[in-house]
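Trainee: For reference, this is structure.cif, and it has mmCIF, C-alpha atoms.
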```cif
data_protein
loop_
_atom_site.group_PDB
_atom_site.id
_atom_site.type_symbol
_atom_site.label_atom_id
_atom_site.label_comp_id
_atom_site.auth_asym_id
_atom_site.auth_seq_id
_atom_site.Cartn_x
_atom_site.Cartn_y
_atom_site.Cartn_z
ATOM 1 C CA MET D 1 71.507 78.794 50.784
ATOM 2 C CA THR D 2 73.069 82.064 51.869
ATOM 3 C CA PHE D 3 76.367 81.986 53.737
ATOM 4 C CA THR D 4 74.845 83.478 56.894
ATOM 5 C CA GLY D 5 72.166 80.764 56.691
ATOM 6 C CA LEU D 6 74.897 78.124 56.362
ATOM 7 C CA ILE D 7 76.742 79.494 59.418
ATOM 8 C CA GLY D 8 73.447 79.387 61.327
ATOM 9 C CA HIS D 9 72.882 75.752 60.360
ATOM 10 C CA ILE D 10 76.424 74.781 61.391
ATOM 11 C CA CYS D 11 76.081 76.536 64.764
ATOM 12 C CA MET D 12 72.776 74.780 65.405
ATOM 13 C CA VAL D 13 74.468 71.340 65.478
ATOM 14 C CA PRO D 14 76.187 71.709 68.897
ATOM 15 C CA LEU D 15 73.351 73.936 70.161
ATOM 16 C CA ARG D 16 70.795 71.176 69.556
ATOM 17 C CA ALA D 17 72.879 68.849 71.754
ATOM 18 C CA ILE D 18 73.077 71.472 74.511
ATOM 19 C CA ILE D 19 69.323 72.130 74.280
ATOM 20 C CA GLY D 20 68.718 68.371 74.475
ATOM 21 C CA ALA D 21 70.916 68.096 77.584
ATOM 22 C CA CYS D 22 69.101 71.005 79.303
ATOM 23 C CA VAL D 23 65.728 69.453 78.467
ATOM 24 C CA ALA D 24 66.863 66.051 79.784
ATOM 25 C CA LEU D 25 68.051 67.705 83.008
ATOM 26 C CA ARG D 26 64.793 69.722 83.126
ATOM 27 C CA ILE D 27 66.663 72.973 83.824
ATOM 28 C CA HIS D 28 64.170 75.818 84.125
ATOM 29 C CA PRO D 29 64.585 78.312 81.240
ATOM 30 C CA ASN D 30 64.442 81.315 83.603
ATOM 31 C CA ILE D 31 67.507 79.932 85.385
ATOM 32 C CA LEU D 32 69.323 79.610 82.051
ATOM 33 C CA THR D 33 68.479 83.258 81.320
ATOM 34 C CA PHE D 34 69.846 84.370 84.682
ATOM 35 C CA VAL D 35 73.040 82.316 84.369
ATOM 36 C CA GLY D 36 73.524 83.960 80.955
ATOM 37 C CA VAL D 37 73.572 87.459 82.415
ATOM 38 C CA LEU D 38 76.001 86.450 85.171
ATOM 39 C CA ILE D 39 78.421 85.054 82.593
ATOM 40 C CA ASN D 40 77.993 88.191 80.482
ATOM 41 C CA VAL D 41 79.026 90.271 83.512
ATOM 42 C CA ALA D 42 82.207 88.169 83.650
ATOM 43 C CA ALA D 43 82.754 88.950 79.955
ATOM 44 C CA ALA D 44 82.277 92.649 80.718
ATOM 45 C CA VAL D 45 84.923 92.451 83.469
ATOM 46 C CA ALA D 46 87.330 90.812 80.993
ATOM 47 C CA LEU D 47 86.600 93.569 78.445
ATOM 48 C CA GLY D 48 87.249 96.187 81.145
ATOM 49 C CA GLN D 49 90.652 94.594 81.783
ATOM 50 C CA ALA D 50 91.479 94.571 78.048
ATOM 51 C CA ARG D 51 91.500 90.752 77.975
ATOM 52 C CA PHE D 52 89.611 90.625 74.696
ATOM 53 C CA ILE D 53 90.236 86.982 73.757
ATOM 54 C CA THR D 54 89.095 85.805 77.202
ATOM 55 C CA ALA D 55 86.054 88.078 76.901
ATOM 56 C CA GLY D 56 85.298 86.581 73.499
ATOM 57 C CA PHE D 57 85.267 83.027 74.852
ATOM 58 C CA ILE D 58 83.156 84.036 77.874
ATOM 59 C CA MET D 59 80.694 85.794 75.532
ATOM 60 C CA ILE D 60 80.315 82.591 73.509
ATOM 61 C CA VAL D 61 79.362 80.654 76.664
ATOM 62 C CA ALA D 62 77.053 83.418 77.918
ATOM 63 C CA ASN D 63 75.216 83.702 74.652
ATOM 64 C CA ILE D 64 74.693 79.968 74.386
ATOM 65 C CA PHE D 65 72.585 80.373 77.549
ATOM 66 C CA ASP D 66 70.853 83.422 76.062
ATOM 67 C CA PHE D 67 70.094 81.562 72.862
ATOM 68 C CA ILE D 68 68.843 78.284 74.274
ATOM 69 C CA ASP D 69 66.539 79.544 77.032
ATOM 70 C CA GLY D 70 63.567 80.152 74.724
ATOM 71 C CA LYS D 71 64.081 76.869 72.906
ATOM 72 C CA VAL D 72 64.357 74.905 76.159
ATOM 73 C CA ALA D 73 61.135 76.604 77.340
ATOM 74 C CA ARG D 74 59.366 75.437 74.187
ATOM 75 C CA GLU D 75 60.692 71.876 74.495
ATOM 76 C CA LEU D 76 59.694 71.694 78.157
ATOM 77 C CA GLN D 77 56.357 73.358 77.346
ATOM 78 C CA ALA D 78 57.252 75.869 80.049
ATOM 79 C CA GLU D 79 56.654 79.020 77.965
ATOM 80 C CA THR D 80 55.121 81.740 80.093
ATOM 81 C CA LYS D 81 54.442 85.443 79.599
ATOM 82 C CA PHE D 82 56.695 86.159 82.570
ATOM 83 C CA GLY D 83 59.474 84.106 80.957
ATOM 84 C CA GLY D 84 59.324 86.344 77.866
ATOM 85 C CA PHE D 85 59.373 89.470 80.025
ATOM 86 C CA TRP D 86 62.231 88.130 82.193
ATOM 87 C CA ASP D 87 64.267 87.241 79.088
ATOM 88 C CA SER D 88 63.832 90.727 77.586
ATOM 89 C CA VAL D 89 64.770 92.497 80.809
ATOM 90 C CA ILE D 90 67.798 90.298 81.485
ATOM 91 C CA ASP D 91 68.977 90.728 77.880
ATOM 92 C CA ARG D 92 69.089 94.485 78.423
ATOM 93 C CA PHE D 93 71.276 94.002 81.514
ATOM 94 C CA SER D 94 73.601 91.772 79.476
ATOM 95 C CA ASP D 95 73.817 94.397 76.714
ATOM 96 C CA ILE D 96 74.532 97.217 79.150
ATOM 97 C CA ALA D 97 77.133 95.156 81.039
ATOM 98 C CA LEU D 98 79.219 94.598 77.886
ATOM 99 C CA PHE D 99 79.100 98.266 76.929
ATOM 100 C CA LEU D 100 80.013 99.289 80.494
ATOM 101 C CA GLY D 101 83.052 97.014 80.359
ATOM 102 C CA LEU D 102 84.270 98.856 77.266
ATOM 103 C CA ILE D 103 83.386 102.294 78.663
ATOM 104 C CA TYR D 104 85.427 101.476 81.778
ATOM 105 C CA LEU D 105 88.355 100.310 79.620
ATOM 106 C CA TYR D 106 88.359 103.435 77.454
ATOM 107 C CA SER D 107 88.038 105.708 80.490
ATOM 108 C CA THR D 108 91.059 104.079 82.164
ATOM 109 C CA ARG D 109 92.999 104.777 78.948
ATOM 110 C CA GLY D 110 91.901 108.422 79.047
ATOM 111 C CA ARG D 111 90.015 108.088 75.757
ATOM 112 C CA THR D 112 86.998 110.345 76.263
ATOM 113 C CA ASP D 113 86.180 110.145 72.550
ATOM 114 C CA TYR D 114 85.657 106.386 72.675
ATOM 115 C CA VAL D 115 83.884 106.625 76.036
ATOM 116 C CA MET D 116 81.332 108.811 74.219
ATOM 117 C CA ILE D 117 81.163 106.557 71.136
ATOM 118 C CA ALA D 118 80.555 103.461 73.305
ATOM 119 C CA ALA D 119 78.007 105.362 75.443
ATOM 120 C CA ILE D 120 76.098 106.536 72.358
ATOM 121 C CA ALA D 121 76.188 103.007 70.900
ATOM 122 C CA MET D 122 74.833 101.710 74.227
ATOM 123 C CA MET D 123 72.065 104.324 74.289
ATOM 124 C CA PHE D 124 70.866 103.453 70.778
ATOM 125 C CA ALA D 125 71.192 99.711 71.429
ATOM 126 C CA ILE D 126 68.787 100.118 74.346
ATOM 127 C CA MET D 127 66.540 102.424 72.311
ATOM 128 C CA THR D 128 66.421 99.757 69.570
ATOM 129 C CA SER D 129 64.706 97.408 72.009
ATOM 130 C CA TYR D 130 62.556 100.119 73.581
ATOM 131 C CA THR D 131 61.200 101.432 70.267
ATOM 132 C CA ARG D 132 60.130 97.935 69.214
ATOM 133 C CA ALA D 133 58.530 97.132 72.580
ATOM 134 C CA ARG D 134 56.670 100.456 72.641
ATOM 135 C CA ALA D 135 55.678 100.230 68.966
ATOM 136 C CA GLU D 136 54.272 96.735 69.448
ATOM 137 C CA SER D 137 51.957 98.099 72.133
ATOM 138 C CA LEU D 138 50.409 100.210 69.336
ATOM 139 C CA ILE D 139 50.839 98.112 66.177
ATOM 140 C CA ALA D 140 51.016 94.366 65.538
ATOM 141 C CA LYS D 141 54.707 94.063 64.619
ATOM 142 C CA CYS D 142 57.704 96.370 64.354
ATOM 143 C CA LYS D 143 60.538 94.143 63.204
ATOM 144 C CA VAL D 144 62.477 96.509 60.947
ATOM 145 C CA GLY D 145 66.068 97.703 61.119
ATOM 146 C CA PHE D 146 69.284 95.719 60.847
ATOM 147 C CA MET D 147 71.063 96.061 64.186
ATOM 148 C CA GLU D 148 69.216 93.784 66.603
ATOM 149 C CA ARG D 149 70.642 91.893 69.566
ATOM 150 C CA PRO D 150 72.063 88.845 67.728
ATOM 151 C CA GLU D 151 73.950 91.142 65.317
ATOM 152 C CA ARG D 152 75.309 93.188 68.241
ATOM 153 C CA ILE D 153 76.481 90.088 70.095
ATOM 154 C CA VAL D 154 78.207 88.585 67.059
ATOM 155 C CA LEU D 155 79.897 91.932 66.378
ATOM 156 C CA PHE D 156 81.092 92.123 69.999
ATOM 157 C CA MET D 157 82.640 88.656 69.598
ATOM 158 C CA ILE D 158 84.276 89.552 66.280
ATOM 159 C CA GLY D 159 85.646 92.748 67.816
ATOM 160 C CA ALA D 160 86.984 90.865 70.828
ATOM 161 C CA PHE D 161 88.607 87.991 68.929
ATOM 162 C CA THR D 162 90.202 90.185 66.264
ATOM 163 C CA ASN D 163 90.950 93.238 68.450
ATOM 164 C CA ARG D 164 88.789 95.544 66.320
ATOM 165 C CA MET D 165 86.480 96.804 69.053
ATOM 166 C CA ALA D 166 86.711 100.449 67.955
ATOM 167 C CA ALA D 167 85.420 99.655 64.463
ATOM 168 C CA VAL D 168 82.715 97.478 66.022
ATOM 169 C CA MET D 169 81.582 100.374 68.253
ATOM 170 C CA TRP D 170 81.257 102.588 65.168
ATOM 171 C CA VAL D 171 79.230 99.946 63.330
ATOM 172 C CA ILE D 172 76.938 99.239 66.286
ATOM 173 C CA GLY D 173 76.486 102.964 66.971
ATOM 174 C CA VAL D 174 75.680 104.041 63.419
ATOM 175 C CA LEU D 175 73.478 101.057 62.533
ATOM 176 C CA SER D 176 71.608 101.305 65.851
ATOM 177 C CA VAL D 177 70.788 104.944 65.076
ATOM 178 C CA PHE D 178 69.412 103.783 61.696
ATOM 179 C CA THR D 179 67.464 100.962 63.346
ATOM 180 C CA VAL D 180 65.801 103.312 65.836
ATOM 181 C CA ALA D 181 64.969 105.726 62.993
ATOM 182 C CA ASP D 182 63.542 102.825 60.925
ATOM 183 C CA ARG D 183 61.266 101.814 63.778
ATOM 184 C CA ILE D 184 60.021 105.349 64.349
ATOM 185 C CA ILE D 185 59.320 105.823 60.611
ATOM 186 C CA TYR D 186 57.661 102.396 60.324
ATOM 187 C CA THR D 187 55.429 102.982 63.361
ATOM 188 C CA TYR D 188 54.469 106.453 62.119
ATOM 189 C CA ARG D 189 53.454 105.049 58.718
ATOM 190 C CA GLU D 190 51.520 102.124 60.208
ATOM 191 C CA LEU D 191 49.581 104.397 62.556
ATOM 192 C CA ARG D 192 48.975 106.984 59.810
ATOM 193 C CA ASP D 193 47.616 104.354 57.401
ATOM 194 C CA ALA D 194 45.586 102.482 60.009
ATOM 195 C CA PRO D 195 41.793 102.830 59.710
ATOM 196 C CA PRO D 196 40.385 105.176 62.352
ATOM 197 C CA GLU D 197 39.142 103.439 65.485
ATOM 198 C CA PRO D 198 35.383 103.489 65.896
ATOM 199 C CA ALA D 199 34.182 105.938 68.522
ATOM 200 C CA SER D 200 33.132 104.165 71.701
ATOM 201 C CA MET U 1 59.605 104.872 46.334
ATOM 202 C CA LYS U 2 58.747 104.344 42.649
ATOM 203 C CA THR U 3 60.246 107.716 41.652
ATOM 204 C CA LEU U 4 63.676 106.934 43.108
ATOM 205 C CA THR U 5 66.586 106.091 40.846
ATOM 206 C CA LEU U 6 68.253 102.690 41.307
ATOM 207 C CA PRO U 7 71.231 103.931 43.396
ATOM 208 C CA ALA U 8 68.891 105.999 45.563
ATOM 209 C CA ARG U 9 66.593 103.002 46.009
ATOM 210 C CA ILE U 10 69.536 100.785 47.022
ATOM 211 C CA LEU U 11 70.643 103.391 49.576
ATOM 212 C CA TRP U 12 67.090 103.777 50.903
ATOM 213 C CA ASN U 13 66.642 99.994 51.228
ATOM 214 C CA ALA U 14 69.973 99.735 53.073
ATOM 215 C CA PHE U 15 68.867 102.481 55.455
ATOM 216 C CA PHE U 16 65.219 101.412 55.838
ATOM 217 C CA TRP U 17 66.052 97.762 56.483
ATOM 218 C CA THR U 18 63.146 95.307 56.119
ATOM 219 C CA TYR U 19 64.969 92.150 55.007
ATOM 220 C CA GLU U 20 64.994 88.929 57.019
ATOM 221 C CA ARG U 21 68.142 87.156 58.166
ATOM 222 C CA ALA U 22 69.678 84.590 55.788
ATOM 223 C CA THR U 23 68.694 86.489 52.626
ATOM 224 C CA TRP U 24 71.216 87.622 49.995
ATOM 225 C CA GLN U 25 70.632 91.234 51.043
ATOM 226 C CA TYR U 26 71.534 90.281 54.620
ATOM 227 C CA ASP U 27 74.671 88.514 53.372
ATOM 228 C CA LEU U 28 75.723 91.635 51.450
ATOM 229 C CA MET U 29 75.254 93.809 54.526
ATOM 230 C CA VAL U 30 77.284 91.368 56.641
ATOM 231 C CA ILE U 31 80.103 91.374 54.053
ATOM 232 C CA ALA U 32 80.113 95.196 54.009
ATOM 233 C CA ILE U 33 80.271 95.335 57.819
ATOM 234 C CA LEU U 34 83.053 92.743 58.049
ATOM 235 C CA ALA U 35 85.007 94.576 55.348
ATOM 236 C CA PHE U 36 84.727 97.808 57.341
ATOM 237 C CA VAL U 37 85.694 96.153 60.636
ATOM 238 C CA TRP U 38 88.637 94.163 59.316
ATOM 239 C CA LEU U 39 89.990 96.351 56.522
ATOM 240 C CA THR U 40 89.755 99.843 58.014
ATOM 241 C CA PRO U 41 93.146 100.786 59.470
ATOM 242 C CA PRO U 42 92.856 101.087 63.290
ATOM 243 C CA ASP U 43 94.945 104.266 63.057
ATOM 244 C CA TRP U 44 92.255 105.935 60.926
ATOM 245 C CA LEU U 45 89.697 105.287 63.661
ATOM 246 C CA GLY U 46 92.100 106.193 66.488
ATOM 247 C CA ASP U 47 91.505 102.737 67.990
ATOM 248 C CA PRO U 48 92.628 102.879 71.650
ATOM 249 C CA MET U 49 93.485 99.168 71.699
ATOM 250 C CA ALA U 50 94.877 98.404 68.243
ATOM 251 C CA SER U 51 97.372 100.131 66.018
ATOM 252 C CA GLY U 52 98.721 99.840 62.526
ATOM 253 C CA THR U 53 97.436 100.645 59.116
ATOM 254 C CA GLY U 54 95.715 97.344 58.315
ATOM 255 C CA PRO U 55 95.333 95.888 54.814
ATOM 256 C CA ILE U 56 93.948 99.107 53.250
ATOM 257 C CA GLY U 57 96.784 101.207 54.672
ATOM 258 C CA TRP U 58 99.304 98.667 53.444
ATOM 259 C CA MET U 59 97.861 98.781 49.923
ATOM 260 C CA LEU U 60 97.718 102.587 49.904
ATOM 261 C CA ALA U 61 101.325 102.772 51.094
ATOM 262 C CA LEU U 62 102.308 100.365 48.354
ATOM 263 C CA LEU U 63 100.540 102.436 45.700
ATOM 264 C CA ALA U 64 101.970 105.685 47.007
ATOM 265 C CA SER U 65 105.545 104.484 47.261
ATOM 266 C CA ASP U 66 107.965 105.315 44.464
ATOM 267 C CA ILE U 67 109.654 101.954 44.786
ATOM 268 C CA VAL U 68 107.985 99.292 42.698
ATOM 269 C CA PRO U 69 108.119 96.071 44.698
ATOM 270 C CA PHE U 70 109.514 92.833 43.341
ATOM 271 C CA VAL U 71 111.715 94.570 40.723
ATOM 272 C CA VAL U 72 115.393 93.867 41.229
ATOM 273 C CA ASN U 73 117.771 96.420 39.861
ATOM 274 C CA ALA U 74 120.804 94.215 39.324
ATOM 275 C CA GLN U 75 123.923 95.929 38.114
ATOM 276 C CA VAL U 76 127.327 94.374 37.894
ATOM 277 C CA GLN U 77 129.914 96.785 39.242
#
```
Mind turning the file's structure into structure tokens?

Mentor:
Amino acid sequence: MTFTGLIGHICMVPLRAIIGACVALRIHPNILTFVGVLINVAAAVALGQARFITAGFIMIVANIFDFIDGKVARELQAETKFGGFWDSVIDRFSDIALFLGLIYLYSTRGRTDYVMIAAIAMMFAIMTSYTRARAESLIAKCKVGFMERPERIVLFMIGAFTNRMAAVMWVIGVLSVFTVADRIIYTYRELRDAPPEPAS
Amino acid sequence: MKTLTLPARILWNAFFWTYERATWQYDLMVIAILAFVWLTPPDWLGDPMASGTGPIGWMLALLASDIVPFVVNAQVQ
């Protein structure tokens, strides 16, 4: 087993208990999604006030909600197309909120350079999701590129807990640019190699 | 891709990422990212919230210094 796989297995132990509790209480998954974004806004406020450790703990709680909503929906057999749409939209708000917290922090410190780095990282993080969503309206699957949402969230937590948010912004920014490029290249190749559609 | 040399192919595969999570390639990428985040001196990046030279800066300073650490020059006067 790989070490990232092992970490995933270890994290699943408490998460299974939380999922079980939510299923027992029959909490609607869309409510879990919404609570997740509200808690992420609190994390963004903590980031904006340079309280990184607090932000890190709040992000853990928020992302538990983000992580379990889909699984609770499956367990409750409450999976709907709207639920998937709602989850994707709310996730984008959560992403943007965290970046805005950092942009606010850097602007209050007069650091225009890092305001720009965080803004560019935010732009490509959003474009990462958009390129996949748009590509999958044309091709079956477009799951290429490294820097997806779980990686971003874990990096935000690592940056917050170890006070290395600047390095994290560089990593998210650069790898998100690569991810967007990967998705454009992949979609181009898939469409180029696809058999021509029969004329109607 | 068949015409690429091994280093070029490694670079291309790192850029054009198609590996799943929990694979050894994913582990390597995670290690590289963590090394960058934790070892790069915050001063090099102009980190607005952290300062210091970090482990790499400490090692470079050690290598660059004329004084060899842990050697005691004991002379009886």

Trainee: Please enumerate the residues selected by the PyMOL selection byres ((chain D) within 7 of (chain U)) when evaluated against the supplied file, formatted as a list in words.

Mentor: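 On the file shown, the PyMOL selection byres ((chain D) within 7 of (chain U)) covers Thr2, Phe3, Thr4, Gly5, Val144, Gly145, Phe146, Asn163, Arg164, Ala166, Ala167, Val168, Phe178 and Asp182 of chain D.
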
Trainee: Give, as JSON, the centre coordinates and the x, y and z edge lengths in Å to one decimal for an axis-aligned box around all listed atoms of region 178-185 of chain D, padded by 4 Å on each side.

Mentor:
```
{"center_x": 64.4, "center_y": 103.4, "center_z": 63.2, "size_x": 18.1, "size_y": 12.9, "size_z": 13.2}
```

Trainee: Identify, on the basis of only C-alpha atoms, every residue whose closest approach to Phe161 (chain D) does not exceed 10 Å; exclude the query and any residue fewer than 3 positions from it along the same chain; express the result as JSON, numbers by chain.

Mentor: {"D": [51, 52, 53, 54, 55, 56, 57, 155, 156, 157, 158, 164, 165]}

Trainee: Pick out the closest residue to Val154 (chain D) from this set: D:Asn63, D:Pro196, D:Asp69, D:Val37. Count only C-alpha atoms.

Mentor: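 Distance minimum relative to Val154 (chain D) lands on D:Asn63.
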
Trainee: Determine the residue membership of the PyMOL selection byres ((chain D and resi 153) around 12) for the file above and supply it as a VMD selection string.

Mentor: chain D and resid 40 43 55 to 56 58 to 64 66 to 67 91 to 92 94 to 96 98 to 99 125 147 to 152 154 to 160 168 to 169 172

Trainee: One number please: CA of Tyr130 (chain D) to CA of Ile117 (chain D), in Å, one decimal.

Mentor: 19.8 Å

Trainee: If we count all atoms listed in the file, what is near Ala78 (chain D) at a cut-off of 12 Å, once residues fewer than 3 positions away on the same chain are taken out, given as a VMD selection string?

Mentor: chain D and resid 23 26 to 30 69 to 75 81 to 84

Trainee: Mind giving me the straight-line distance from CA of Ala21 (chain D) to CA of Ala97 (chain D) in Å, one decimal?

Mentor: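 Interatomic distance, CA of Ala21 (chain D) to CA of Ala97 (chain D): 28.0 Å.
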
Trainee: Could you add the missing atoms to region 74-106 of chain D, up to N, CA and C atoms, and return them as a tab-separated table (two decimals), in the frame of the given file?

Mentor:
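Everything below was put into rebuild-v1.tsv:
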```
chain	number	residue	atom	x	y	z
D	74	ARG	N	60.31	76.05	75.13
D	74	ARG	CA	59.37	75.44	74.19
D	74	ARG	C	59.37	73.91	74.32
D	75	GLU	N	60.58	73.34	74.40
D	75	GLU	CA	60.69	71.88	74.50
D	75	GLU	C	60.05	71.35	75.79
D	76	LEU	N	60.24	72.12	76.86
D	76	LEU	CA	59.69	71.69	78.16
D	76	LEU	C	58.23	72.10	78.31
D	77	GLN	N	57.71	72.79	77.30
D	77	GLN	CA	56.36	73.36	77.35
D	77	GLN	C	56.20	74.21	78.61
D	78	ALA	N	57.25	75.00	78.87
D	78	ALA	CA	57.25	75.87	80.05
D	78	ALA	C	57.25	77.34	79.63
D	79	GLU	N	56.72	77.63	78.43
D	79	GLU	CA	56.65	79.02	77.96
D	79	GLU	C	55.61	79.78	78.77
D	80	THR	N	56.06	80.90	79.35
D	80	THR	CA	55.12	81.74	80.09
D	80	THR	C	55.31	83.19	79.66
D	81	LYS	N	54.31	84.01	79.91
D	81	LYS	CA	54.44	85.44	79.60
D	81	LYS	C	55.55	86.06	80.45
D	82	PHE	N	55.64	85.62	81.71
D	82	PHE	CA	56.70	86.16	82.57
D	82	PHE	C	58.07	85.77	82.04
D	83	GLY	N	58.20	84.55	81.51
D	83	GLY	CA	59.47	84.11	80.96
D	83	GLY	C	59.94	85.02	79.83
D	84	GLY	N	59.00	85.42	78.96
D	84	GLY	CA	59.32	86.34	77.87
D	84	GLY	C	59.77	87.70	78.39
D	85	PHE	N	59.05	88.17	79.40
D	85	PHE	CA	59.37	89.47	80.03
D	85	PHE	C	60.74	89.41	80.70
D	86	TRP	N	60.97	88.34	81.47
D	86	TRP	CA	62.23	88.13	82.19
D	86	TRP	C	63.40	88.10	81.21
D	87	ASP	N	63.23	87.37	80.11
D	87	ASP	CA	64.27	87.24	79.09
D	87	ASP	C	64.62	88.62	78.50
D	88	SER	N	63.58	89.40	78.18
D	88	SER	CA	63.83	90.73	77.59
D	88	SER	C	64.57	91.64	78.56
D	89	VAL	N	64.14	91.61	79.81
D	89	VAL	CA	64.77	92.50	80.81
D	89	VAL	C	66.22	92.09	81.05
D	90	ILE	N	66.44	90.78	81.21
D	90	ILE	CA	67.80	90.30	81.48
D	90	ILE	C	68.72	90.55	80.29
D	91	ASP	N	68.17	90.43	79.08
D	91	ASP	CA	68.98	90.73	77.88
D	91	ASP	C	69.49	92.16	77.90
D	92	ARG	N	68.65	93.08	78.38
D	92	ARG	CA	69.09	94.48	78.42
D	92	ARG	C	70.25	94.65	79.40
D	93	PHE	N	70.17	93.95	80.55
D	93	PHE	CA	71.28	94.00	81.51
D	93	PHE	C	72.56	93.45	80.88
D	94	SER	N	72.42	92.37	80.13
D	94	SER	CA	73.60	91.77	79.48
D	94	SER	C	74.21	92.77	78.49
D	95	ASP	N	73.34	93.40	77.68
D	95	ASP	CA	73.82	94.40	76.71
D	95	ASP	C	74.58	95.51	77.42
D	96	ILE	N	73.94	96.07	78.46
D	96	ILE	CA	74.53	97.22	79.15
D	96	ILE	C	75.86	96.82	79.80
D	97	ALA	N	75.90	95.61	80.37
D	97	ALA	CA	77.13	95.16	81.04
D	97	ALA	C	78.32	95.18	80.07
D	98	LEU	N	78.12	94.65	78.86
D	98	LEU	CA	79.22	94.60	77.89
D	98	LEU	C	79.69	96.00	77.51
D	99	PHE	N	78.72	96.89	77.26
D	99	PHE	CA	79.10	98.27	76.93
D	99	PHE	C	79.83	98.94	78.10
D	100	LEU	N	79.36	98.67	79.33
D	100	LEU	CA	80.01	99.29	80.49
D	100	LEU	C	81.45	98.81	80.63
D	101	GLY	N	81.69	97.53	80.31
D	101	GLY	CA	83.05	97.01	80.36
D	101	GLY	C	83.96	97.82	79.44
D	102	LEU	N	83.46	98.08	78.23
D	102	LEU	CA	84.27	98.86	77.27
D	102	LEU	C	84.42	100.31	77.70
D	103	ILE	N	83.32	100.89	78.21
D	103	ILE	CA	83.39	102.29	78.66
D	103	ILE	C	84.43	102.44	79.77
D	104	TYR	N	84.44	101.46	80.69
D	104	TYR	CA	85.43	101.48	81.78
D	104	TYR	C	86.84	101.41	81.20
D	105	LEU	N	87.03	100.49	80.23
D	105	LEU	CA	88.36	100.31	79.62
D	105	LEU	C	88.83	101.61	78.96
D	106	TYR	N	87.96	102.21	78.16
D	106	TYR	CA	88.36	103.44	77.45
D	106	TYR	C	88.60	104.59	78.43
```
